[in-house]
Amino acid sequence: MPERGFAGDEALACLLRLRGREADRDALRAEVGADPSPETLAEALGRRGFHARPVLPGPGGLAVLDLPTLARLREGGWILLRARKGGRYLLLGPGGRTARLDRDSLAGSLDGTVLDLTPGLPGRGGLWRRLGGLLARNRNALALVAGCALLLQALGLVTPALTRVVLNRALPDGAGGLLLLASAGSLLGAIFHAWIGYVRGRALLHFSQRMDLGAERGFLEHVLSLPYADLRTRALGEWLQAAGGLSAAKDLLPEKTLGAVLDGCLALVLLGAMALLLPGPAAAVLGGSLAVAAIALAAGRIEVAYQARQVALGAREQSLLAGLIHGAATLKACGAEGQALSRWRAVFRKGLLLGLGRARTGLWAEAAAATLARVQDVGLMAWGGLRVVRGELDLGTFMAFLQLATAFSGAFLGLAGTWLRLIVLAPQLQRASAILEIPREEVPPPRVPDPSPAAVEARDLWFRYGPGSPWILQGAALQVPAGGRLLLDGPSGWGKSTLLRVLAGLETPSRGEILVGGQPPSRMRDRIVYLPQSVQLYGGSLLDSLRALSAGAATPAILRAAEATGFEAFVATLPLGWKTPLPQGGRSLSGGQRQWAALTAALAAGKGVLLLDEPLANLDPVSAAALGRVLAEGPWTVITAEHGRTRSQTP
Ligand SMILES: Nc1ncnc2c1ncn2[C@@H]1O[C@H](COP(=O)(O)OP(=O)(O)OP(=O)(O)O)[C@@H](O)[C@H]1O
């Protein structure tokens, strides 16, 4: 292990050079400083067209990183992870010093932060454009897969040629030497075939893994970067279906689409070879294969109609299922399990019937296509056998033709099969494409949170949830000076939460203006924290959950906030303290404790403007009063939605 790491700017220069980019160290130092944070390094890489993110991959995650990249050492400084071979990592440190470490020793000497440069879903546009871009970024692996597949196909032509030689020349002439030569050729061909198959399999595995990582993460990144309004208007089932569509498209692309292109090439070559041997029967085989493919495609068209309805129903069914599982406790408490189940069952049954109809069509088509293919085989055997018996055709040519015809039918049907899958999956793929086509929200890159309070002003705000929905805000206005307090009060459904979301920049008003510290809220993300009415804690430890909710606040900041809100006293009563594991959603905490935790995280985020939606509603009066005092005394601008009190004050 090199004794010390690179300084941040030097590490960046080194990485850029390894990735084939110009890197002037002085210019880089002026750009990122001498001791840049991982986020600053990622941003600098982003400006040069790399998709870089700081991650905490853990020992297992190191294996899927795109190398070369940078990792931060436990003792400080950065090290270059240059390559990975046989489970060991080649490291590069200052002065060109290198070392090789196994995964666990490497993980032990890092502080956990690594820059992940795995390409995500590139660019803009729909599904195919983005997946195409991802393919292009992995073109070396793709070229290896294609090259191997072509070689395998070329080897497939050797067997019919050898069969012809053996049957027409070696056997009738008793040419032992030729027979031996043909056998040795076959054996060598088989060994070469197995080796190329292995290389292709490995390249495909590597390629699929990178596609998986890029596509799935790219999709999630895209979803999380969408405007809030787009996120709230779609049901969970729609997101799941879109994710399923992307997954299917991604699986189709490397193996099937590449396979289809190669199948197409192979089919042409085989057809040419057949036509050279026996032109008439070659035309008959082509006709038979076209008929089989036509049956499959006609059935596919019917299946598409079923599939489109299945996708729509599937989205509803998955949304209902998620709601049922998520709200199982409430349903049980209300004794409404039966009703919920029967609603889900009704949708599920419809989906099942559609699936059945689709499967039946598929079965009919399969049976018809198989029968036709058999008829063609039998016809070919009868025709060829008769001609061989009559001495009009030599046996070797006939057997070679049969082998070519079988391979041709396989390649042709493979091509039709891929096309069929594409058209049947079209409705699901369209759903993924529609989501990928939604433009991302332009959000300025994250900056260090700004704890200074800012004035919040809103004038003539008009907002409604959709074109036909009633207006929720009709000319709303407010003015809170920096460090001031405003309590929003009103009956349920009055629009308090809506107003807070509009002020936070999550919802866009139809009319009116909002200024936070003189800027639109979307530009002030580093200063605004919005705490919704019902918070979702994350799984993992209690500390992890608060860190996530506070957008990555450092542990000392979380501990300071917990001391201020009194949450630390509660954590001290837990046997595992901050390491207490939480289930997803934090259900092992009471409603009040969850709110307490979320408020602590909001304060730990270190931002100057707090927009809080009923933050104390679930707490007991004593804790609520104590927390109310903390909020009243702190240096923030606070706008709180609460029932029962209307008060506005300035410090
Ligand atoms: N996502 C949504 N889509 C459509 N309408 C919505 C949505 N969220 C809220 N509304 C509607 O907006 C109105 C205001 O809701 P909002 O949650 O802002 O009220 P509130 O004053 O915070 O109520 P409460 O005190 O009960 O929390 C309600 O009539 C509600 O039906």
# chains A, B, ... in the order shown; residues from 1 in each chain; ligands from 1
>>> residues_around(residues="Asp613 (chain A)", least_positions_apart="6", cutoff="6 Å", atoms="only C-alpha atoms", output="number ranges by chain")
A: 531-533, 640-641
>>> residues_near_ligand(ligand="ligand 1", cutoff="7 Å", atoms="only C-alpha atoms and all ligand atoms", output="list in words")
Arg232, Tyr465, Ile472, Gly490, Pro491, Ser492, Gly493, Trp494, Gly495, Lys496, Ser497, Thr498, Leu499 and His643 of chain A
>>> write_last_selection(atoms="N, CA and C atoms", output="PDB file, in the first residue's frame")
ATOM      1  N   ARG A 232     -46.106  12.908  -7.870  1.00  0.00           N
ATOM      2  CA  ARG A 232     -47.327  12.659  -7.098  1.00  0.00           C
ATOM      3  C   ARG A 232     -48.507  12.238  -7.959  1.00  0.00           C
ATOM      4  N   TYR A 465     -54.392  21.628  -8.168  1.00  0.00           N
ATOM      5  CA  TYR A 465     -53.661  20.390  -8.455  1.00  0.00           C
ATOM      6  C   TYR A 465     -53.795  19.905  -9.889  1.00  0.00           C
ATOM      7  N   ILE A 472     -56.856  25.873  -4.771  1.00  0.00           N
ATOM      8  CA  ILE A 472     -56.571  25.711  -3.337  1.00  0.00           C
ATOM      9  C   ILE A 472     -56.035  27.035  -2.793  1.00  0.00           C
ATOM     10  N   GLY A 490     -55.616  26.869  10.061  1.00  0.00           N
ATOM     11  CA  GLY A 490     -56.833  26.807   9.259  1.00  0.00           C
ATOM     12  C   GLY A 490     -57.419  25.424   9.396  1.00  0.00           C
ATOM     13  N   PRO A 491     -58.682  25.252   9.027  1.00  0.00           N
ATOM     14  CA  PRO A 491     -59.294  23.931   9.169  1.00  0.00           C
ATOM     15  C   PRO A 491     -58.676  22.928   8.190  1.00  0.00           C
ATOM     16  N   SER A 492     -58.986  21.676   8.403  1.00  0.00           N
ATOM     17  CA  SER A 492     -58.472  20.626   7.520  1.00  0.00           C
ATOM     18  C   SER A 492     -58.888  20.908   6.084  1.00  0.00           C
ATOM     19  N   GLY A 493     -57.957  20.715   5.176  1.00  0.00           N
ATOM     20  CA  GLY A 493     -58.257  20.925   3.764  1.00  0.00           C
ATOM     21  C   GLY A 493     -58.179  22.382   3.357  1.00  0.00           C
ATOM     22  N   TRP A 494     -57.765  23.258   4.241  1.00  0.00           N
ATOM     23  CA  TRP A 494     -57.696  24.700   3.952  1.00  0.00           C
ATOM     24  C   TRP A 494     -56.587  25.002   2.947  1.00  0.00           C
ATOM     25  N   GLY A 495     -55.506  24.176   3.014  1.00  0.00           N
ATOM     26  CA  GLY A 495     -54.420  24.347   2.044  1.00  0.00           C
ATOM     27  C   GLY A 495     -53.084  24.680   2.689  1.00  0.00           C
ATOM     28  N   LYS A 496     -52.948  24.379   3.970  1.00  0.00           N
ATOM     29  CA  LYS A 496     -51.694  24.723   4.681  1.00  0.00           C
ATOM     30  C   LYS A 496     -50.521  23.923   4.101  1.00  0.00           C
ATOM     31  N   SER A 497     -50.726  22.595   3.990  1.00  0.00           N
ATOM     32  CA  SER A 497     -49.633  21.756   3.466  1.00  0.00           C
ATOM     33  C   SER A 497     -49.302  22.168   2.037  1.00  0.00           C
ATOM     34  N   THR A 498     -50.355  22.447   1.258  1.00  0.00           N
ATOM     35  CA  THR A 498     -50.142  22.860  -0.133  1.00  0.00           C
ATOM     36  C   THR A 498     -49.285  24.118  -0.169  1.00  0.00           C
ATOM     37  N   LEU A 499     -49.632  25.092   0.684  1.00  0.00           N
ATOM     38  CA  LEU A 499     -48.886  26.353   0.685  1.00  0.00           C
ATOM     39  C   LEU A 499     -47.416  26.098   1.047  1.00  0.00           C
ATOM     40  N   HIS A 643     -52.765  23.152  13.590  1.00  0.00           N
ATOM     41  CA  HIS A 643     -54.174  23.405  13.899  1.00  0.00           C
ATOM     42  C   HIS A 643     -54.274  24.168  15.206  1.00  0.00           C
TER      43      HIS A 643
END
>>> closest_residue(among="A:Thr418, A:Ser319, A:Gly466, A:Ala63", to="Ala83 (chain A)", atoms="only C-alpha atoms")
A:Ala63
>>> residues_around(residues="Ala229 (chain A)", least_positions_apart="2", cutoff="8 Å", atoms="only C-alpha atoms", output="PyMOL selection string")
chain A and resi 227+231-233+506-507
>>> residues_around(residues="Ala282 (chain A)", least_positions_apart="6", cutoff="10 Å", atoms="only C-alpha atoms", output="list of chain:residue names")
A:Leu270, A:Leu271, A:Gly272, A:Ala273, A:Met274, A:Ala275, A:Leu276, A:Gly288, A:Phe401, A:Leu404, A:Ala405, A:Phe408
>>> write_last_selection(atoms="N, CA and C atoms", output="PDB file, in the first residue's frame")
ATOM      1  N   LEU A 270     -26.592 -18.830 -44.506  1.00  0.00           N
ATOM      2  CA  LEU A 270     -27.065 -20.212 -44.642  1.00  0.00           C
ATOM      3  C   LEU A 270     -27.932 -20.370 -45.889  1.00  0.00           C
ATOM      4  N   LEU A 271     -28.765 -19.344 -46.130  1.00  0.00           N
ATOM      5  CA  LEU A 271     -29.632 -19.397 -47.306  1.00  0.00           C
ATOM      6  C   LEU A 271     -28.767 -19.433 -48.572  1.00  0.00           C
ATOM      7  N   GLY A 272     -27.717 -18.626 -48.571  1.00  0.00           N
ATOM      8  CA  GLY A 272     -26.801 -18.606 -49.716  1.00  0.00           C
ATOM      9  C   GLY A 272     -26.168 -19.972 -49.921  1.00  0.00           C
ATOM     10  N   ALA A 273     -25.715 -20.585 -48.800  1.00  0.00           N
ATOM     11  CA  ALA A 273     -25.071 -21.904 -48.892  1.00  0.00           C
ATOM     12  C   ALA A 273     -26.057 -22.950 -49.402  1.00  0.00           C
ATOM     13  N   MET A 274     -27.299 -22.888 -48.918  1.00  0.00           N
ATOM     14  CA  MET A 274     -28.316 -23.858 -49.365  1.00  0.00           C
ATOM     15  C   MET A 274     -28.600 -23.679 -50.852  1.00  0.00           C
ATOM     16  N   ALA A 275     -28.710 -22.398 -51.267  1.00  0.00           N
ATOM     17  CA  ALA A 275     -29.021 -22.111 -52.671  1.00  0.00           C
ATOM     18  C   ALA A 275     -27.915 -22.614 -53.584  1.00  0.00           C
ATOM     19  N   LEU A 276     -26.655 -22.564 -53.097  1.00  0.00           N
ATOM     20  CA  LEU A 276     -25.539 -23.076 -53.900  1.00  0.00           C
ATOM     21  C   LEU A 276     -25.644 -24.577 -54.080  1.00  0.00           C
ATOM     22  N   GLY A 288     -41.311 -22.149 -46.358  1.00  0.00           N
ATOM     23  CA  GLY A 288     -41.833 -22.796 -45.137  1.00  0.00           C
ATOM     24  C   GLY A 288     -41.538 -21.944 -43.911  1.00  0.00           C
ATOM     25  N   PHE A 401     -27.217 -30.423 -46.744  1.00  0.00           N
ATOM     26  CA  PHE A 401     -28.343 -29.498 -46.956  1.00  0.00           C
ATOM     27  C   PHE A 401     -29.309 -29.538 -45.762  1.00  0.00           C
ATOM     28  N   LEU A 404     -27.900 -27.574 -42.955  1.00  0.00           N
ATOM     29  CA  LEU A 404     -28.014 -26.130 -43.228  1.00  0.00           C
ATOM     30  C   LEU A 404     -29.460 -25.666 -43.049  1.00  0.00           C
ATOM     31  N   ALA A 405     -30.408 -26.505 -43.532  1.00  0.00           N
ATOM     32  CA  ALA A 405     -31.824 -26.117 -43.447  1.00  0.00           C
ATOM     33  C   ALA A 405     -32.250 -26.006 -41.988  1.00  0.00           C
ATOM     34  N   PHE A 408     -30.788 -22.899 -40.601  1.00  0.00           N
ATOM     35  CA  PHE A 408     -31.458 -21.719 -41.164  1.00  0.00           C
ATOM     36  C   PHE A 408     -32.800 -21.480 -40.464  1.00  0.00           C
TER      37      PHE A 408
END
>>> atom_distance(atom1="CA of Gln479 (chain A)", atom2="CA of Leu461 (chain A)")
12.4 Å
>>> closest_atom_pairs(of="region 210-314 of chain A", to="region 119-134 of chain A", cutoff="8 Å", atoms="only C-alpha atoms", output="Markdown table")
| residue | atom | partner | partner_atom | distance |
| --- | --- | --- | --- | --- |
| A:Met211 | CA | A:Leu134 | CA | 7.1 |
| A:Leu213 | CA | A:Gly120 | CA | 7.6 |
| A:Gly214 | CA | A:Gly120 | CA | 4.2 |
| A:Ala215 | CA | A:Leu121 | CA | 5.5 |
| A:Arg217 | CA | A:Gly120 | CA | 6.5 |
| A:Gly218 | CA | A:Leu121 | CA | 4.6 |
| A:Phe219 | CA | A:Leu121 | CA | 6.9 |
| A:Leu246 | CA | A:Leu127 | CA | 7.4 |
| A:Lys250 | CA | A:Leu131 | CA | 7.2 |
>>> select_by_dssp(residues="region 448-503 of chain A", states="helix (DSSP H, G or I)", output="list in words")
Lys496, Ser497, Thr498, Leu499, Leu500, Arg501, Val502 and Leu503 of chain A
>>> residues_around(residues="Val292 (chain A)", least_positions_apart="6", cutoff="7 Å", atoms="only C-alpha atoms", output="VMD selection string")
chain A and resid 369 372 to 373
>>> closest_atom_pairs(of="region 218-333 of chain A", to="region 581-605 of chain A", cutoff="12 Å", atoms="only C-alpha atoms", output="JSON lines")
{"residue": "A:His326", "atom": "CA", "partner": "A:Gly585", "partner_atom": "CA", "distance": 9.8}
{"residue": "A:Gly327", "atom": "CA", "partner": "A:Arg587", "partner_atom": "CA", "distance": 11.9}
{"residue": "A:Ala329", "atom": "CA", "partner": "A:Arg587", "partner_atom": "CA", "distance": 10.8}
>>> write_last_selection(atoms="N, CA and C atoms", output="PDB file, in the first residue's frame")
ATOM      1  N   HIS A 326     -48.880  -2.103   2.512  1.00  0.00           N
ATOM      2  CA  HIS A 326     -48.469  -0.922   3.274  1.00  0.00           C
ATOM      3  C   HIS A 326     -49.489  -0.606   4.371  1.00  0.00           C
ATOM      4  N   GLY A 327     -50.761  -0.730   4.024  1.00  0.00           N
ATOM      5  CA  GLY A 327     -51.792  -0.350   5.009  1.00  0.00           C
ATOM      6  C   GLY A 327     -52.398  -1.548   5.701  1.00  0.00           C
ATOM      7  N   ALA A 329     -51.886  -2.987   8.511  1.00  0.00           N
ATOM      8  CA  ALA A 329     -52.210  -2.818   9.927  1.00  0.00           C
ATOM      9  C   ALA A 329     -53.513  -2.024  10.077  1.00  0.00           C
TER      10      ALA A 329
END
>>> atom_distance(atom1="CA of Thr637 (chain A)", atom2="CA of Gly505 (chain A)")
16.1 Å
>>> residues_around(residues="Ala346 (chain A)", least_positions_apart="3", cutoff="12 Å", atoms="only C-alpha atoms", output="MDAnalysis selection string")
chainID A and resid 313 316:317 320:321 339:343 349:353
>>> write_last_selection(atoms="N, CA and C atoms", output="short mmCIF file (atom, residue, chain, number, x, y, z; two decimals), in the first residue's frame")
data_model
loop_
_atom_site.label_atom_id
_atom_site.label_comp_id
_atom_site.auth_asym_id
_atom_site.auth_seq_id
_atom_site.Cartn_x
_atom_site.Cartn_y
_atom_site.Cartn_z
N LEU A 313 -54.05 -2.99 -16.44
CA LEU A 313 -54.59 -3.65 -15.25
C LEU A 313 -53.48 -3.95 -14.24
N ARG A 316 -52.73 -1.10 -12.00
CA ARG A 316 -53.74 -0.95 -10.94
C ARG A 316 -53.58 -2.02 -9.87
N GLU A 317 -53.34 -3.24 -10.36
CA GLU A 317 -53.23 -4.36 -9.41
C GLU A 317 -52.03 -4.18 -8.49
N LEU A 320 -52.77 -1.51 -5.94
CA LEU A 320 -53.65 -2.02 -4.88
C LEU A 320 -52.88 -2.92 -3.94
N LEU A 321 -52.03 -3.76 -4.52
CA LEU A 321 -51.25 -4.70 -3.70
C LEU A 321 -50.32 -3.95 -2.75
N GLN A 339 -62.80 -6.47 2.43
CA GLN A 339 -63.13 -5.54 1.34
C GLN A 339 -61.89 -5.25 0.49
N ALA A 340 -60.76 -5.04 1.19
CA ALA A 340 -59.53 -4.71 0.46
C ALA A 340 -59.14 -5.89 -0.43
N LEU A 341 -59.27 -7.10 0.15
CA LEU A 341 -58.88 -8.29 -0.62
C LEU A 341 -59.79 -8.46 -1.83
N SER A 342 -61.10 -8.23 -1.64
CA SER A 342 -61.99 -8.48 -2.77
C SER A 342 -61.77 -7.43 -3.87
N ARG A 343 -61.39 -6.19 -3.51
CA ARG A 343 -61.07 -5.20 -4.55
C ARG A 343 -59.86 -5.65 -5.35
N ARG A 349 -58.24 -10.92 -10.94
CA ARG A 349 -58.92 -11.94 -11.74
C ARG A 349 -59.01 -11.50 -13.21
N LYS A 350 -59.32 -10.21 -13.38
CA LYS A 350 -59.40 -9.71 -14.77
C LYS A 350 -58.05 -9.89 -15.48
N GLY A 351 -56.98 -9.57 -14.75
CA GLY A 351 -55.63 -9.70 -15.31
C GLY A 351 -55.33 -11.15 -15.64
N LEU A 352 -55.81 -12.04 -14.75
CA LEU A 352 -55.58 -13.48 -14.93
C LEU A 352 -56.27 -13.97 -16.20
N LEU A 353 -57.53 -13.50 -16.40
CA LEU A 353 -58.29 -13.91 -17.58
C LEU A 353 -57.61 -13.43 -18.86
#
>>> residues_around(residues="Pro521 (chain A)", least_positions_apart="4", cutoff="9 Å", atoms="only C-alpha atoms", output="PDB file with N, CA and C atoms, in the first residue's frame")
ATOM      1  N   VAL A 502     -45.637  24.686  -1.897  1.00  0.00           N
ATOM      2  CA  VAL A 502     -45.407  25.726  -2.920  1.00  0.00           C
ATOM      3  C   VAL A 502     -44.243  26.611  -2.483  1.00  0.00           C
ATOM      4  N   LEU A 503     -44.221  26.967  -1.184  1.00  0.00           N
ATOM      5  CA  LEU A 503     -43.128  27.812  -0.684  1.00  0.00           C
ATOM      6  C   LEU A 503     -41.783  27.092  -0.797  1.00  0.00           C
ATOM      7  N   ALA A 504     -41.821  25.756  -0.610  1.00  0.00           N
ATOM      8  CA  ALA A 504     -40.574  24.975  -0.669  1.00  0.00           C
ATOM      9  C   ALA A 504     -40.091  24.794  -2.106  1.00  0.00           C
ATOM     10  N   GLY A 505     -40.950  25.174  -3.069  1.00  0.00           N
ATOM     11  CA  GLY A 505     -40.538  25.046  -4.473  1.00  0.00           C
ATOM     12  C   GLY A 505     -40.840  23.672  -5.034  1.00  0.00           C
ATOM     13  N   LEU A 506     -41.599  22.835  -4.285  1.00  0.00           N
ATOM     14  CA  LEU A 506     -41.934  21.504  -4.802  1.00  0.00           C
ATOM     15  C   LEU A 506     -43.085  21.603  -5.801  1.00  0.00           C
ATOM     16  N   ILE A 514     -42.762  33.917  -5.411  1.00  0.00           N
ATOM     17  CA  ILE A 514     -42.217  33.566  -4.089  1.00  0.00           C
ATOM     18  C   ILE A 514     -40.746  33.948  -4.100  1.00  0.00           C
ATOM     19  N   LEU A 515     -40.318  34.578  -3.052  1.00  0.00           N
ATOM     20  CA  LEU A 515     -38.892  34.904  -2.928  1.00  0.00           C
ATOM     21  C   LEU A 515     -38.401  34.455  -1.563  1.00  0.00           C
ATOM     22  N   VAL A 516     -37.342  33.672  -1.584  1.00  0.00           N
ATOM     23  CA  VAL A 516     -36.709  33.264  -0.327  1.00  0.00           C
ATOM     24  C   VAL A 516     -35.315  33.884  -0.359  1.00  0.00           C
ATOM     25  N   GLY A 517     -35.086  34.822   0.545  1.00  0.00           N
ATOM     26  CA  GLY A 517     -33.805  35.549   0.506  1.00  0.00           C
ATOM     27  C   GLY A 517     -33.625  36.236  -0.836  1.00  0.00           C
ATOM     28  N   ARG A 525     -32.298  25.653  -2.459  1.00  0.00           N
ATOM     29  CA  ARG A 525     -32.417  24.350  -1.796  1.00  0.00           C
ATOM     30  C   ARG A 525     -31.429  24.190  -0.650  1.00  0.00           C
ATOM     31  N   ARG A 527     -30.851  26.300   1.482  1.00  0.00           N
ATOM     32  CA  ARG A 527     -31.275  27.068   2.656  1.00  0.00           C
ATOM     33  C   ARG A 527     -32.630  26.651   3.197  1.00  0.00           C
ATOM     34  N   ILE A 528     -33.373  25.863   2.397  1.00  0.00           N
ATOM     35  CA  ILE A 528     -34.741  25.522   2.826  1.00  0.00           C
ATOM     36  C   ILE A 528     -34.827  24.054   3.211  1.00  0.00           C
TER      37      ILE A 528
END
